[in-house]
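Data file: input35.txt. Format and content: compact mmCIF, C-alpha atoms.
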```txt
# COMPACT_ATOMS: atom_id res chain seq x y z
CA MET A 1 191.41 -84.59 24.61
CA SER A 2 190.09 -81.21 23.46
CA PHE A 3 189.95 -80.40 19.75
CA ILE A 4 192.98 -78.13 20.22
CA SER A 5 195.23 -78.67 23.22
CA VAL A 6 198.13 -76.29 23.87
CA GLN A 7 200.36 -77.71 26.56
CA ASN A 8 202.95 -75.52 28.30
CA ILE A 9 204.47 -74.13 25.10
CA VAL A 10 207.51 -71.87 25.01
CA PHE A 11 208.62 -69.99 21.90
CA SER A 12 211.12 -67.24 21.17
CA TYR A 13 212.11 -65.52 17.94
CA SER A 14 215.75 -65.33 16.88
CA ASP A 15 217.46 -62.24 15.49
CA ASP A 16 219.54 -62.19 12.31
CA ASP A 17 222.51 -63.61 14.21
CA GLY A 18 220.44 -66.53 15.47
CA VAL A 19 220.33 -65.20 19.02
CA SER A 20 217.03 -65.84 20.77
CA ALA A 21 215.25 -62.88 22.29
CA LYS A 22 212.87 -62.87 25.25
CA ASN A 23 210.22 -65.58 25.03
CA ALA A 24 207.18 -64.45 23.02
CA VAL A 25 205.23 -67.33 24.57
CA ASN A 26 206.29 -68.50 27.98
CA GLY A 27 204.67 -71.66 29.33
CA LEU A 28 201.19 -71.13 27.87
CA SER A 29 198.51 -73.78 28.15
CA ILE A 30 194.93 -73.65 26.86
CA ASP A 31 192.33 -76.12 25.60
CA ILE A 32 189.81 -75.25 22.89
CA GLU A 33 186.71 -77.39 22.45
CA LYS A 34 185.03 -78.35 19.20
CA GLY A 35 182.42 -75.76 18.19
CA GLU A 36 183.61 -73.20 20.74
CA PHE A 37 183.94 -69.48 20.03
CA ILE A 38 186.89 -68.19 22.05
CA ALA A 39 188.30 -64.67 22.09
CA LEU A 40 191.98 -64.19 22.91
CA LEU A 41 192.86 -60.78 24.35
CA GLY A 42 196.03 -59.02 25.39
CA HIS A 43 198.03 -55.85 24.86
CA ASN A 44 200.43 -55.51 21.93
CA GLY A 45 203.45 -57.75 22.28
CA CYS A 46 201.88 -60.23 24.69
CA GLY A 47 202.21 -63.14 22.23
CA LYS A 48 198.70 -63.44 20.79
CA SER A 49 199.77 -63.62 17.12
CA THR A 50 202.51 -66.09 17.98
CA VAL A 51 199.95 -68.37 19.61
CA ALA A 52 197.69 -68.10 16.55
CA LYS A 53 200.48 -69.34 14.29
CA HIS A 54 201.06 -72.32 16.57
CA LEU A 55 197.46 -73.49 16.19
CA ASN A 56 197.94 -74.58 12.57
CA ALA A 57 201.64 -75.49 12.72
CA MET A 58 202.85 -72.32 11.02
CA LEU A 59 205.15 -72.10 14.04
CA LEU A 60 206.35 -74.96 16.23
CA PRO A 61 207.10 -74.53 19.95
CA ASP A 62 210.64 -74.60 21.30
CA SER A 63 209.23 -76.74 24.08
CA GLY A 64 205.80 -78.01 25.02
CA LYS A 65 203.20 -79.50 22.68
CA VAL A 66 200.26 -78.46 20.54
CA PHE A 67 197.73 -81.09 19.50
CA VAL A 68 195.01 -80.58 16.88
CA ASP A 69 192.34 -83.27 16.95
CA GLY A 70 194.91 -85.54 18.57
CA ASP A 71 197.68 -84.81 16.03
CA ASP A 72 200.99 -83.39 17.26
CA THR A 73 201.83 -80.23 15.26
CA SER A 74 205.54 -81.10 15.46
CA ASP A 75 204.91 -84.27 13.43
CA GLU A 76 205.72 -83.19 9.85
CA GLU A 77 203.63 -86.03 8.46
CA LYS A 78 200.57 -84.48 10.10
CA THR A 79 201.14 -80.87 8.97
CA TYR A 80 198.95 -81.21 5.87
CA ASP A 81 196.05 -82.69 7.88
CA ILE A 82 196.39 -80.05 10.60
CA ARG A 83 196.29 -77.15 8.13
CA LYS A 84 193.21 -78.64 6.49
CA LYS A 85 191.49 -78.65 9.89
CA VAL A 86 192.68 -75.24 11.13
CA GLY A 87 192.56 -72.24 8.79
CA LEU A 88 194.35 -68.99 9.64
CA VAL A 89 193.12 -65.53 8.62
CA LEU A 90 195.62 -62.70 9.00
CA GLN A 91 195.07 -59.08 10.02
CA ASN A 92 195.59 -57.54 6.58
CA PRO A 93 193.41 -59.20 3.91
CA ASP A 94 195.65 -57.79 1.17
CA ASN A 95 198.35 -60.18 2.38
CA GLN A 96 196.09 -63.17 1.66
CA LEU A 97 194.41 -62.20 -1.62
CA VAL A 98 196.49 -63.61 -4.47
CA ALA A 99 194.28 -63.57 -7.59
CA SER A 100 192.82 -60.85 -9.80
CA ILE A 101 189.22 -62.16 -9.54
CA VAL A 102 187.37 -62.92 -6.30
CA GLU A 103 186.23 -66.44 -7.21
CA GLU A 104 189.72 -67.35 -8.44
CA ASP A 105 191.15 -66.21 -5.14
CA VAL A 106 188.72 -68.36 -3.17
CA ALA A 107 189.57 -71.32 -5.41
CA PHE A 108 193.30 -70.99 -4.76
CA GLY A 109 193.31 -73.00 -1.51
CA PRO A 110 191.29 -76.02 -2.69
CA GLU A 111 193.29 -76.11 -5.92
CA ASN A 112 196.46 -76.49 -3.88
CA LEU A 113 194.80 -79.28 -1.91
CA GLY A 114 194.18 -81.16 -5.17
CA VAL A 115 190.39 -80.90 -4.96
CA PRO A 116 188.68 -81.91 -8.27
CA PRO A 117 187.53 -78.94 -10.42
CA GLU A 118 183.81 -79.66 -10.10
CA GLU A 119 184.14 -79.84 -6.31
CA ILE A 120 186.15 -76.60 -6.28
CA ARG A 121 183.34 -74.82 -8.15
CA LYS A 122 180.84 -76.05 -5.59
CA ARG A 123 183.03 -75.05 -2.64
CA VAL A 124 183.77 -71.58 -4.02
CA ASP A 125 180.09 -70.79 -4.59
CA GLU A 126 179.10 -72.10 -1.16
CA ALA A 127 181.89 -70.22 0.65
CA LEU A 128 181.06 -66.92 -1.07
CA LYS A 129 177.39 -67.35 -0.23
CA ILE A 130 178.19 -68.00 3.44
CA VAL A 131 180.07 -64.69 3.70
CA ASP A 132 177.52 -62.86 1.52
CA MET A 133 180.01 -62.14 -1.26
CA TYR A 134 178.60 -64.33 -4.04
CA GLU A 135 177.38 -61.38 -6.09
CA TYR A 136 180.95 -60.04 -6.14
CA ARG A 137 182.47 -63.31 -7.41
CA THR A 138 183.65 -61.82 -10.73
CA ASN A 139 184.91 -58.55 -9.21
CA ALA A 140 188.54 -57.58 -8.78
CA PRO A 141 189.54 -57.73 -5.08
CA PHE A 142 191.19 -54.30 -5.20
CA LYS A 143 187.79 -52.73 -5.90
CA LEU A 144 186.31 -54.10 -2.66
CA SER A 145 186.05 -52.38 0.70
CA GLY A 146 188.22 -53.53 3.60
CA GLY A 147 185.39 -55.53 5.16
CA GLN A 148 184.55 -57.15 1.84
CA LYS A 149 188.19 -58.12 1.30
CA GLN A 150 188.35 -59.70 4.72
CA ARG A 151 185.18 -61.67 4.00
CA VAL A 152 186.75 -62.92 0.75
CA ALA A 153 189.83 -63.96 2.74
CA ILE A 154 187.54 -65.86 5.13
CA ALA A 155 185.78 -67.47 2.16
CA GLY A 156 189.17 -68.62 0.86
CA ILE A 157 189.73 -70.45 4.15
CA LEU A 158 186.18 -71.85 4.20
CA ALA A 159 186.62 -73.31 0.72
CA MET A 160 189.25 -75.59 2.22
CA GLN A 161 186.54 -76.82 4.62
CA PRO A 162 188.41 -76.46 7.93
CA GLU A 163 186.87 -77.46 11.24
CA CYS A 164 188.37 -74.42 12.95
CA ILE A 165 189.13 -70.87 11.83
CA VAL A 166 191.71 -68.76 13.66
CA LEU A 167 191.61 -65.02 13.02
CA ASP A 168 194.47 -62.75 14.02
CA GLU A 169 192.91 -59.31 14.63
CA PRO A 170 190.88 -59.50 11.39
CA THR A 171 189.02 -56.25 12.07
CA ALA A 172 191.95 -54.11 13.21
CA MET A 173 192.20 -52.29 9.87
CA LEU A 174 188.46 -51.99 9.22
CA ASP A 175 185.89 -49.28 9.78
CA PRO A 176 182.84 -50.02 12.02
CA ASN A 177 180.76 -51.30 9.10
CA GLY A 178 183.55 -53.61 8.00
CA ARG A 179 183.96 -54.88 11.54
CA ASP A 180 180.23 -55.64 11.78
CA GLU A 181 180.35 -57.53 8.47
CA VAL A 182 183.18 -59.77 9.63
CA LEU A 183 181.73 -60.38 13.10
CA SER A 184 178.32 -61.33 11.77
CA THR A 185 180.03 -63.79 9.44
CA LEU A 186 181.97 -65.37 12.32
CA LEU A 187 178.85 -65.70 14.48
CA LYS A 188 177.00 -67.29 11.57
CA LEU A 189 179.79 -69.82 11.01
CA ASN A 190 179.93 -70.67 14.69
CA LYS A 191 176.20 -70.95 15.35
CA GLU A 192 174.97 -72.38 12.06
CA LYS A 193 177.97 -74.45 10.95
CA ASN A 194 179.29 -75.35 14.42
CA MET A 195 182.72 -74.14 13.35
CA THR A 196 185.30 -73.60 16.04
CA VAL A 197 186.32 -69.92 16.06
CA VAL A 198 189.42 -68.47 17.71
CA LEU A 199 189.27 -64.68 17.48
CA ILE A 200 192.33 -62.67 18.47
CA THR A 201 191.22 -59.11 19.06
CA HIS A 202 191.81 -55.97 21.10
CA TYR A 203 188.19 -54.83 20.76
CA MET A 204 186.30 -55.62 23.96
CA ASP A 205 182.90 -55.38 22.28
CA GLU A 206 183.97 -58.22 19.99
CA ALA A 207 185.18 -60.36 22.87
CA VAL A 208 181.83 -60.20 24.70
CA LEU A 209 180.27 -62.15 21.81
CA ALA A 210 182.46 -65.18 22.49
CA ASP A 211 181.64 -68.24 24.59
CA ARG A 212 184.91 -67.81 26.47
CA VAL A 213 187.50 -65.09 26.82
CA ALA A 214 191.17 -65.79 27.53
CA VAL A 215 193.46 -62.92 28.47
CA MET A 216 197.21 -63.08 27.79
CA ASP A 217 200.07 -61.22 29.39
CA GLU A 218 203.82 -61.81 29.03
CA GLY A 219 203.28 -64.93 26.95
CA LYS A 220 200.95 -66.67 29.39
CA ILE A 221 197.23 -66.93 30.11
CA LEU A 222 196.45 -64.36 32.79
CA THR A 223 192.80 -65.27 33.28
CA GLN A 224 189.98 -66.94 31.34
CA GLY A 225 186.29 -67.67 31.64
CA LYS A 226 182.93 -66.53 30.35
CA PRO A 227 182.93 -62.87 29.21
CA ARG A 228 180.99 -61.69 32.27
CA GLU A 229 183.41 -63.49 34.59
CA VAL A 230 186.51 -62.07 32.91
CA PHE A 231 185.28 -58.50 32.51
CA SER A 232 184.16 -58.33 36.13
CA GLN A 233 187.88 -58.35 36.99
CA VAL A 234 188.20 -54.68 36.06
CA GLU A 235 191.12 -53.84 38.33
CA LEU A 236 193.13 -56.87 37.21
CA LEU A 237 192.63 -56.04 33.55
CA LYS A 238 193.52 -52.38 34.03
CA LYS A 239 196.65 -53.40 35.91
CA HIS A 240 197.72 -55.31 32.82
CA ARG A 241 197.02 -52.40 30.44
CA LEU A 242 193.68 -53.67 29.14
CA ASP A 243 190.30 -52.01 28.85
CA VAL A 244 186.87 -53.45 29.56
CA PRO A 245 183.65 -52.94 27.57
CA GLN A 246 182.28 -49.42 28.04
CA ALA A 247 179.15 -50.75 29.71
CA ALA A 248 181.27 -52.66 32.25
CA GLU A 249 183.43 -49.58 32.81
CA LEU A 250 180.35 -47.49 33.61
CA ALA A 251 179.08 -50.08 36.08
CA TYR A 252 182.52 -50.21 37.71
CA ARG A 253 182.53 -46.44 38.19
CA LEU A 254 178.97 -46.47 39.56
CA LYS A 255 180.01 -49.05 42.13
CA GLY A 256 182.97 -46.83 43.00
CA CYS A 257 180.45 -44.08 43.78
CA GLY A 258 178.63 -46.37 46.19
CA ILE A 259 175.77 -47.29 43.85
CA SER A 260 174.61 -50.89 44.08
CA VAL A 261 175.14 -52.82 40.84
CA ASP A 262 173.77 -56.36 40.91
CA SER A 263 174.88 -57.58 37.48
CA LEU A 264 177.73 -56.47 35.25
CA PRO A 265 176.45 -55.11 31.91
CA LEU A 266 178.40 -56.04 28.79
CA ASN A 267 176.51 -54.24 26.02
CA GLU A 268 174.31 -51.22 25.35
CA GLU A 269 171.03 -53.00 26.09
CA GLU A 270 172.22 -54.26 29.46
CA CYS A 271 173.67 -50.83 30.24
CA VAL A 272 170.33 -49.14 29.52
CA ALA A 273 168.57 -51.65 31.79
CA LEU A 274 171.09 -50.91 34.55
CA LEU A 275 170.64 -47.15 34.26
CA GLU A 276 166.86 -47.47 34.29
CA GLU A 277 167.15 -49.46 37.52
CA VAL A 278 169.59 -46.99 39.09
CA LEU A 279 167.45 -43.97 38.19
CA LYS A 280 164.19 -45.36 39.57
```
Mind turning this structure into structure tokens?
Amino acid sequence: MSFISVQNIVFSYSDDDGVSAKNAVNGLSIDIEKGEFIALLGHNGCGKSTVAKHLNAMLLPDSGKVFVDGDDTSDEEKTYDIRKKVGLVLQNPDNQLVASIVEEDVAFGPENLGVPPEEIRKRVDEALKIVDMYEYRTNAPFKLSGGQKQRVAIAGILAMQPECIVLDEPTAMLDPNGRDEVLSTLLKLNKEKNMTVVLITHYMDEAVLADRVAVMDEGKILTQGKPREVFSQVELLKKHRLDVPQAAELAYRLKGCGISVDSLPLNEEECVALLEEVLK
């Protein structure tokens, strides 16, 4: 079995009167392998955030199953173990920062896990170094930039030593520099620490960095595959109100003009190479 296995889950939210609305997730299945970096895409309201909360048992499906390292998320006796293995980072870092000093905030999670004080000190220092925030350990979080706050939030999850980190649009509220800071941290964790990363995003240039891209629509997986495979389906994605990377969009338009394009570019470097070839 995969490290995370989501099997035909259905979930709907209830209103104040307890009446269920339309399904937010509607028969979704996906497997995530250990050490994989997967990007989950979809327009607003397609169910991405709901799926994220199912991956560490914050939400439980109305039907279907979610397994984390073989443990059923609906088994209350396994909730603690599951949340140790899968950490969740939310969109707004201010919603996750709870202390007045950076290092105290990062220590909050392991303290609640009952980790011995000397081990907490070691974990906090290591986590802050991984996200390049060690020099800010005695700072007040409110004095940090958005990208720095998000990196502290990630450090707080890392200090609990999860095997997987799930991030629900962590760069949506950040400027380009902040986005770059967070993305470089995620790539470092994935490549150097072999940490499983599930990145929920609406930025196509972030998704191209993943090993696999899964696209959601109406609570289901619409299509998935390697970034180049997924983003080559330009018309399908546009039909479902999604963009493609600018480089892929340019290639698509060139093909529409009758210009031969052998390989779909996904970034600036590949786009430059394509244009040089076209203009020969």
Give me the residues near region 200-202 of chain A as number ranges by chain, where near means some atom within 6 Å (using only C-alpha atoms) and where sequence neighbours in that chain fewer than 5 positions away do not count. A: 39-41, 167-169
Tell me which of A:Phe142, A:Asp69, A:Glu36, A:Tyr203 sits closest to Lys191 (chain A), counting only C-alpha atoms.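 Checking each of A:Phe142, A:Asp69, A:Glu36, A:Tyr203 against Lys191 (chain A), counting only C-alpha atoms, the winner is A:Glu36.
In this structure, CA of Ala57 (chain A) sits 5.4 Å away from CA of Thr73 (chain A).
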Env of Ala159 (chain A): 10 Å cut, atoms = only C-alpha atoms, seq-sep filter 3 positions within chain, self excluded. Answer as JSON, numbers by chain. {"A": [106, 107, 108, 109, 110, 111, 119, 120, 121, 122, 123, 124, 125, 126, 127, 128, 154, 155, 156, 162]}
Those residues you just picked out, can you put them in a file as a compact mmCIF listing (two decimals), in the frame of the given file with C-alpha atoms?
```txt
# COMPACT_ATOMS: atom_id res chain seq x y z
CA VAL A 106 188.72 -68.36 -3.17
CA ALA A 107 189.57 -71.32 -5.41
CA PHE A 108 193.30 -70.99 -4.76
CA GLY A 109 193.31 -73.00 -1.51
CA PRO A 110 191.29 -76.02 -2.69
CA GLU A 111 193.29 -76.11 -5.92
CA GLU A 119 184.14 -79.84 -6.31
CA ILE A 120 186.15 -76.60 -6.28
CA ARG A 121 183.34 -74.82 -8.15
CA LYS A 122 180.84 -76.05 -5.59
CA ARG A 123 183.03 -75.05 -2.64
CA VAL A 124 183.77 -71.58 -4.02
CA ASP A 125 180.09 -70.79 -4.59
CA GLU A 126 179.10 -72.10 -1.16
CA ALA A 127 181.89 -70.22 0.65
CA LEU A 128 181.06 -66.92 -1.07
CA ILE A 154 187.54 -65.86 5.13
CA ALA A 155 185.78 -67.47 2.16
CA GLY A 156 189.17 -68.62 0.86
CA PRO A 162 188.41 -76.46 7.93
```
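Between Leu250 (chain A) and the candidates A:Ser14, A:Ser232, A:Ser184, A:Asn23, the tightest atom-to-atom separation, counting all atoms listed in the file, involves A:Ser232.
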Neighbours of point (187.4, -75.4, 14.7) within 7 Å, using all atoms listed in the file, written as a list in words: Lys34, Gly35, Val86, Pro162, Glu163, Cys164, Ile165, Met195, Thr196 and Val197 of chain A
Can you pull out every residue within 12 Å of Lys255 (chain A), counting all atoms listed in the file, but drop anything in the same chain fewer than 6 positions away, and send it as a ChimeraX atom specification? /A:232,234,248-249,261-264,274,278
How would the residues just picked look written out with C-alpha atoms as a CSV table (one decimal), in the coordinates of the input?
```
chain,number,residue,atom,x,y,z
A,232,SER,CA,184.2,-58.3,36.1
A,234,VAL,CA,188.2,-54.7,36.1
A,248,ALA,CA,181.3,-52.7,32.2
A,249,GLU,CA,183.4,-49.6,32.8
A,261,VAL,CA,175.1,-52.8,40.8
A,262,ASP,CA,173.8,-56.4,40.9
A,263,SER,CA,174.9,-57.6,37.5
A,264,LEU,CA,177.7,-56.5,35.2
A,274,LEU,CA,171.1,-50.9,34.6
A,278,VAL,CA,169.6,-47.0,39.1
```
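Among the candidates A:Asp132, A:Glu104, A:Asp72, A:Glu270, the residue lying nearest to Glu181 (chain A) is A:Asp132 (atoms considered: all atoms listed in the file).
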With a distance cut-off of 10 Å and all atoms listed in the file, select the neighbouring residues of Ser2 (chain A), excluding the residue or stretch itself and same-chain residues fewer than 2 positions from it, and output the selection as a PyMOL selection string. chain A and resi 4-6+30-34+67-70
Centre, x/y/z edge lengths, axis-aligned box for region 116-128 of chain A with 3 Å per side, as lines of an AutoDock Vina configuration file:
```
center_x = 183.9
center_y = -74.4
center_z = -4.9
size_x = 15.6
size_y = 21.0
size_z = 17.1
```
Just the number, please: distance in Å from CA of Ile38 (chain A) to CA of Ala24 (chain A), one decimal.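 These two atoms are separated by 20.7 Å.
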Proximity of region 154-227 of chain A to region 46-52 of chain A: per-residue shortest pair, 6 Å limit, only C-alpha atoms, as JSON lines:
```
{"residue": "A:Asp217", "atom": "CA", "partner": "A:Cys46", "partner_atom": "CA", "distance": 5.1}
{"residue": "A:Glu218", "atom": "CA", "partner": "A:Cys46", "partner_atom": "CA", "distance": 5.0}
{"residue": "A:Gly219", "atom": "CA", "partner": "A:Gly47", "partner_atom": "CA", "distance": 5.2}
```
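Residue nearest Met1 (chain A) within the list A:Leu254, A:Asp71, A:Val166, A:Ser260: A:Asp71 [criterion: smallest interatomic distance, only C-alpha atoms].
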Using all atoms listed in the file, can you tell me which of A:Asp75, A:Pro141, A:Gln233, A:Lys188 comes closest to Asp105 (chain A)?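 Closest candidate: A:Pro141.
Closest approach to His240 (chain A) among A:Ala172, A:Met216, A:Leu88, A:Leu97 is made by A:Met216 (distances from all atoms listed in the file).
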As a ChimeraX atom specification, please: the residues near Leu28 (chain A) (cut-off 8 Å, all atoms listed in the file, same-chain neighbours under 4 positions excluded). /A:6-10,219-221
Pairwise distance for CA of Ala207 (chain A) and CA of Asn26 (chain A), rounded to one decimal in Å: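 Interatomic distance here is 23.2 Å.
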